[in-house]
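**Q** First the structure, which I've put down as structure tokens, then a few questions once you've had a look.
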Amino acid sequence: MAGVDVLLLSAQPLPGLDPWSYRVQMRAEALARRGGAGGVLFSPLSAEGPVVQTGVRHVGLPVAPDAPAEQRLAVALATLAQELPRLRPRVVHAFDPLLAPPVLAEAWRGVKLVLEPGLTASWRMRELDARLSPDQLDDLASHEDRALAAADAVVARSPVEANGLVKRGVSPPRIWVVRDGPLPGFNRTPPGDLPHLVFLGDLAPKSGWDLLVEALARVRGPWRATFILPGADWEPAERLLKGLRLDGRVAFARLGPDTPRRLEAARLVVCPARPVRSLLAGAWVPPALQLAASAARPLVAPDLPVIEATAGPGMAGFPPDDAAGLAATIERLLSRPHELNALAAAARRRIEQQSWEPAHGALASLWTGLASPW
């Protein structure tokens, strides 16, 4: 194992069904296609693991896949510090800036660092977790910013995220915008005739699930909805739905292998995300956007530049944080099949023109340039 070209490191359990997990898996595929001296992927193993790619070894981190994010991160950091001297990689590609310190400590030996930050811990804790004080959160963000600024390259998914990284102190020449391709497993059939809506997200405030429930209470005519969630704690949504007498019209399902089939059965996917700072900066992209696009399903989402850039032409917008506007958009599309089918056709044309090949090529070029002998 000593002398590998590239080490990929993620605290996310792999393989996974959400877009971020699949993105890490596709980085492993890009590494396998690149060839060279080979590579290694470190991450917690999910129930479906390991990731199988010729020329890339997936090593499971000693932590449960359902452990809290901070615990998985701590194990990944400790494993990296232990394995760096043994593996002697030329490039470490890490999916969290908090994993940077051991790599930066080896920079004098020529080890290069690539960071692909996504939704960093400081963003996540500001919007989901109140355990840290504002001063502690500022310190955490500063720590991340220093790592991002010191990295040899930083990978962004969109120009919006790239601009956000510049604001965090990353030099523009070090930013690589690498766009995603479609997610696998979708048949992309035309939408069915039943007025079936799908919400795919979680019950965190920024997902806007409660905004959707408020909007659904205003939608006239027949409809049914399915909420697809990563866990099975549905009680907050069930309680709100029951209070509005909507509990008989909304079913719940867990994110899993049957998610593509559930999306294919939908007439419309609804993403009511709130315009929080991480979304406006491109650090957080609701998973429903890529899943709806991959299934070629019409999408209702807030009118925001980062949303529109990700969702593409298959989207109908509504004013952010506006339950009445969301309800009106849903009602309009359900009552106008020609408009809804046109959105689905536009989404299908766009996704059929996309692939992961540009991302594979861009990453191979980046790694090769950084891994050149020193």
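In the structure tokens, chains take letters A, B, ... by order of appearance, with residues numbered from 1 within each chain and ligands from 1 in the order shown.
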Name all residues at most 10 Å from A:Pro287 (count only C-alpha atoms; drop same-chain ones fewer than 5 positions away) and give them as a list in words.
**A**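 Here the answer would be Asp18, Pro19, Trp20, Leu200, Gly201, Asp202, Cys271 and Ala292 of chain A.
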**Q** Would you write out those residues with N, CA and C atoms, as a PDB file, in the first residue's frame?
**A**
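Once everything was written out, this is out28.pdb:
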```pdb
ATOM      1  N   ASP A  18     -27.654   8.986  -1.014  1.00  0.00           N
ATOM      2  CA  ASP A  18     -27.857  10.420  -1.216  1.00  0.00           C
ATOM      3  C   ASP A  18     -26.808  10.958  -2.191  1.00  0.00           C
ATOM      4  N   PRO A  19     -27.059  12.122  -2.798  1.00  0.00           N
ATOM      5  CA  PRO A  19     -26.133  12.657  -3.810  1.00  0.00           C
ATOM      6  C   PRO A  19     -24.722  12.868  -3.299  1.00  0.00           C
ATOM      7  N   TRP A  20     -24.537  13.294  -2.044  1.00  0.00           N
ATOM      8  CA  TRP A  20     -23.174  13.526  -1.553  1.00  0.00           C
ATOM      9  C   TRP A  20     -22.408  12.206  -1.485  1.00  0.00           C
ATOM     10  N   LEU A 200     -38.702  15.032  -0.689  1.00  0.00           N
ATOM     11  CA  LEU A 200     -37.531  14.243  -0.327  1.00  0.00           C
ATOM     12  C   LEU A 200     -36.563  15.158   0.405  1.00  0.00           C
ATOM     13  N   GLY A 201     -36.330  14.883   1.674  1.00  0.00           N
ATOM     14  CA  GLY A 201     -35.444  15.722   2.481  1.00  0.00           C
ATOM     15  C   GLY A 201     -35.403  15.201   3.896  1.00  0.00           C
ATOM     16  N   ASP A 202     -35.385  16.100   4.855  1.00  0.00           N
ATOM     17  CA  ASP A 202     -35.434  15.709   6.258  1.00  0.00           C
ATOM     18  C   ASP A 202     -36.347  16.678   6.983  1.00  0.00           C
ATOM     19  N   CYS A 271     -39.564  20.777  -3.532  1.00  0.00           N
ATOM     20  CA  CYS A 271     -38.428  21.124  -2.684  1.00  0.00           C
ATOM     21  C   CYS A 271     -38.697  22.504  -2.085  1.00  0.00           C
ATOM     22  N   ALA A 292     -34.584  14.687  -8.372  1.00  0.00           N
ATOM     23  CA  ALA A 292     -35.675  14.994  -9.295  1.00  0.00           C
ATOM     24  C   ALA A 292     -35.170  15.105 -10.723  1.00  0.00           C
TER      25      ALA A 292
END
```
**Q** Identify, with DSSP run on backbone atoms, the residues in stretch 170-245 of chain A assigned to helix (DSSP H, G or I), and express the list as a VMD selection string.
**A** chain A and resid 172 to 174 205 to 207 209 to 216 235 to 243
**Q** Could those residues be written to a file, using N, CA and C atoms, as a CSV table (one decimal), in the first residue's frame?
**A**
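Final output, selection-v2.csv:
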```csv
chain,number,residue,atom,x,y,z
A,172,PRO,N,-8.9,32.2,-6.1
A,172,PRO,CA,-9.7,31.7,-7.3
A,172,PRO,C,-8.9,30.7,-8.2
A,173,PRO,N,-7.6,30.9,-8.4
A,173,PRO,CA,-6.9,29.9,-9.3
A,173,PRO,C,-6.9,28.5,-8.7
A,174,ARG,N,-7.1,28.4,-7.4
A,174,ARG,CA,-7.1,27.0,-6.8
A,174,ARG,C,-8.4,26.4,-6.7
A,205,PRO,N,-35.3,22.4,10.1
A,205,PRO,CA,-36.0,23.6,9.7
A,205,PRO,C,-35.7,24.1,8.3
A,206,LYS,N,-34.4,24.0,7.9
A,206,LYS,CA,-34.1,24.6,6.6
A,206,LYS,C,-34.6,23.8,5.4
A,207,SER,N,-35.1,22.6,5.6
A,207,SER,CA,-35.6,21.8,4.5
A,207,SER,C,-37.0,22.4,4.1
A,209,TRP,N,-40.0,21.6,5.3
A,209,TRP,CA,-41.0,20.6,5.3
A,209,TRP,C,-42.3,21.2,5.9
A,210,ASP,N,-42.2,22.0,6.9
A,210,ASP,CA,-43.4,22.6,7.5
A,210,ASP,C,-44.0,23.6,6.6
A,211,LEU,N,-43.2,24.3,5.8
A,211,LEU,CA,-43.8,25.2,4.8
A,211,LEU,C,-44.6,24.5,3.8
A,212,LEU,N,-44.1,23.3,3.4
A,212,LEU,CA,-44.9,22.5,2.5
A,212,LEU,C,-46.2,22.0,3.1
A,213,VAL,N,-46.2,21.6,4.3
A,213,VAL,CA,-47.4,21.2,5.0
A,213,VAL,C,-48.4,22.3,5.0
A,214,GLU,N,-47.9,23.5,5.3
A,214,GLU,CA,-48.8,24.7,5.3
A,214,GLU,C,-49.4,24.9,3.9
A,215,ALA,N,-48.5,24.8,2.9
A,215,ALA,CA,-49.0,25.0,1.5
A,215,ALA,C,-50.0,23.9,1.1
A,216,LEU,N,-49.8,22.7,1.5
A,216,LEU,CA,-50.7,21.6,1.1
A,216,LEU,C,-52.1,21.8,1.7
A,235,GLU,N,-42.6,11.7,13.7
A,235,GLU,CA,-43.6,12.2,14.6
A,235,GLU,C,-43.8,13.7,14.5
A,236,PRO,N,-42.8,14.6,14.3
A,236,PRO,CA,-43.1,16.0,14.2
A,236,PRO,C,-44.0,16.3,13.0
A,237,ALA,N,-43.7,15.7,11.8
A,237,ALA,CA,-44.6,15.9,10.7
A,237,ALA,C,-45.9,15.3,10.8
A,238,GLU,N,-46.0,14.1,11.4
A,238,GLU,CA,-47.3,13.4,11.6
A,238,GLU,C,-48.2,14.3,12.5
A,239,ARG,N,-47.6,14.9,13.6
A,239,ARG,CA,-48.4,15.7,14.5
A,239,ARG,C,-48.9,17.0,13.7
A,240,LEU,N,-48.1,17.6,12.9
A,240,LEU,CA,-48.6,18.8,12.2
A,240,LEU,C,-49.6,18.5,11.2
A,241,LEU,N,-49.4,17.4,10.5
A,241,LEU,CA,-50.4,16.9,9.5
A,241,LEU,C,-51.7,16.6,10.1
A,242,LYS,N,-51.7,15.9,11.3
A,242,LYS,CA,-52.9,15.6,11.9
A,242,LYS,C,-53.7,16.8,12.4
A,243,GLY,N,-52.9,17.8,12.9
A,243,GLY,CA,-53.6,19.1,13.3
A,243,GLY,C,-54.3,19.8,12.2
```
**Q** Find the residue from A:Ala121, A:Asp303, A:Ala347, A:Gly248 that sits nearest to A:Ala273; use only C-alpha atoms when measuring.
**A**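 Among the listed residues, the smallest separation from A:Ala273 belongs to A:Asp303.
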**Q** When you look at A:Glu331 with a cut-off of 8 Å (counting only C-alpha atoms), what residues show up, excluding the ones that are within fewer than 4 positions of it in the same chain? I need them as a JSON list (two decimals) with N, CA and C atoms, in the first residue's frame.
**A**
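What follows is the written file selection.json:
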```json
[["chain", "number", "residue", "atom", "x", "y", "z"],
["A", 219, "VAL", "N", -53.94, 23.71, -0.97],
["A", 219, "VAL", "CA", -54.08, 23.19, -2.34],
["A", 219, "VAL", "C", -55.46, 22.56, -2.50],
["A", 220, "ARG", "N", -56.22, 23.07, -3.45],
["A", 220, "ARG", "CA", -57.55, 22.53, -3.71],
["A", 220, "ARG", "C", -57.46, 21.35, -4.66],
["A", 327, "ALA", "N", -48.27, 26.87, -2.68],
["A", 327, "ALA", "CA", -49.54, 26.20, -2.92],
["A", 327, "ALA", "C", -50.08, 26.54, -4.31],
["A", 335, "SER", "N", -53.17, 21.16, -12.27],
["A", 335, "SER", "CA", -54.35, 21.42, -13.10],
["A", 335, "SER", "C", -54.00, 21.70, -14.55]]
```
**Q** Between A:Ser133, A:Ser355, A:Ser278, A:Asn341, which has the minimum distance to A:Pro190 (counting only C-alpha atoms)?
**A** A:Asn341
**Q** Could you check the closest approach to A:Glu264 for each of A:Leu165, A:Leu137, A:Val6, A:Val198 and tell me which residue wins, using only C-alpha atoms?
**A**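 Ranked by minimum distance to A:Glu264, first place goes to A:Val198.
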**Q** Would you mind telling me which residue in A:Glu308, A:Asp66, A:Glu161, A:Glu352 lies nearest to A:Leu14 when using only C-alpha atoms?
**A**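 That would be A:Asp66, the residue with the smallest distance to A:Leu14.
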**Q** Of the candidates A:Ala47, A:Ala265, A:Ala311, A:Ile228, which one gets nearest to A:Val250 if we count only C-alpha atoms?
**A**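 Among the listed residues, the smallest separation from A:Val250 belongs to A:Ile228.
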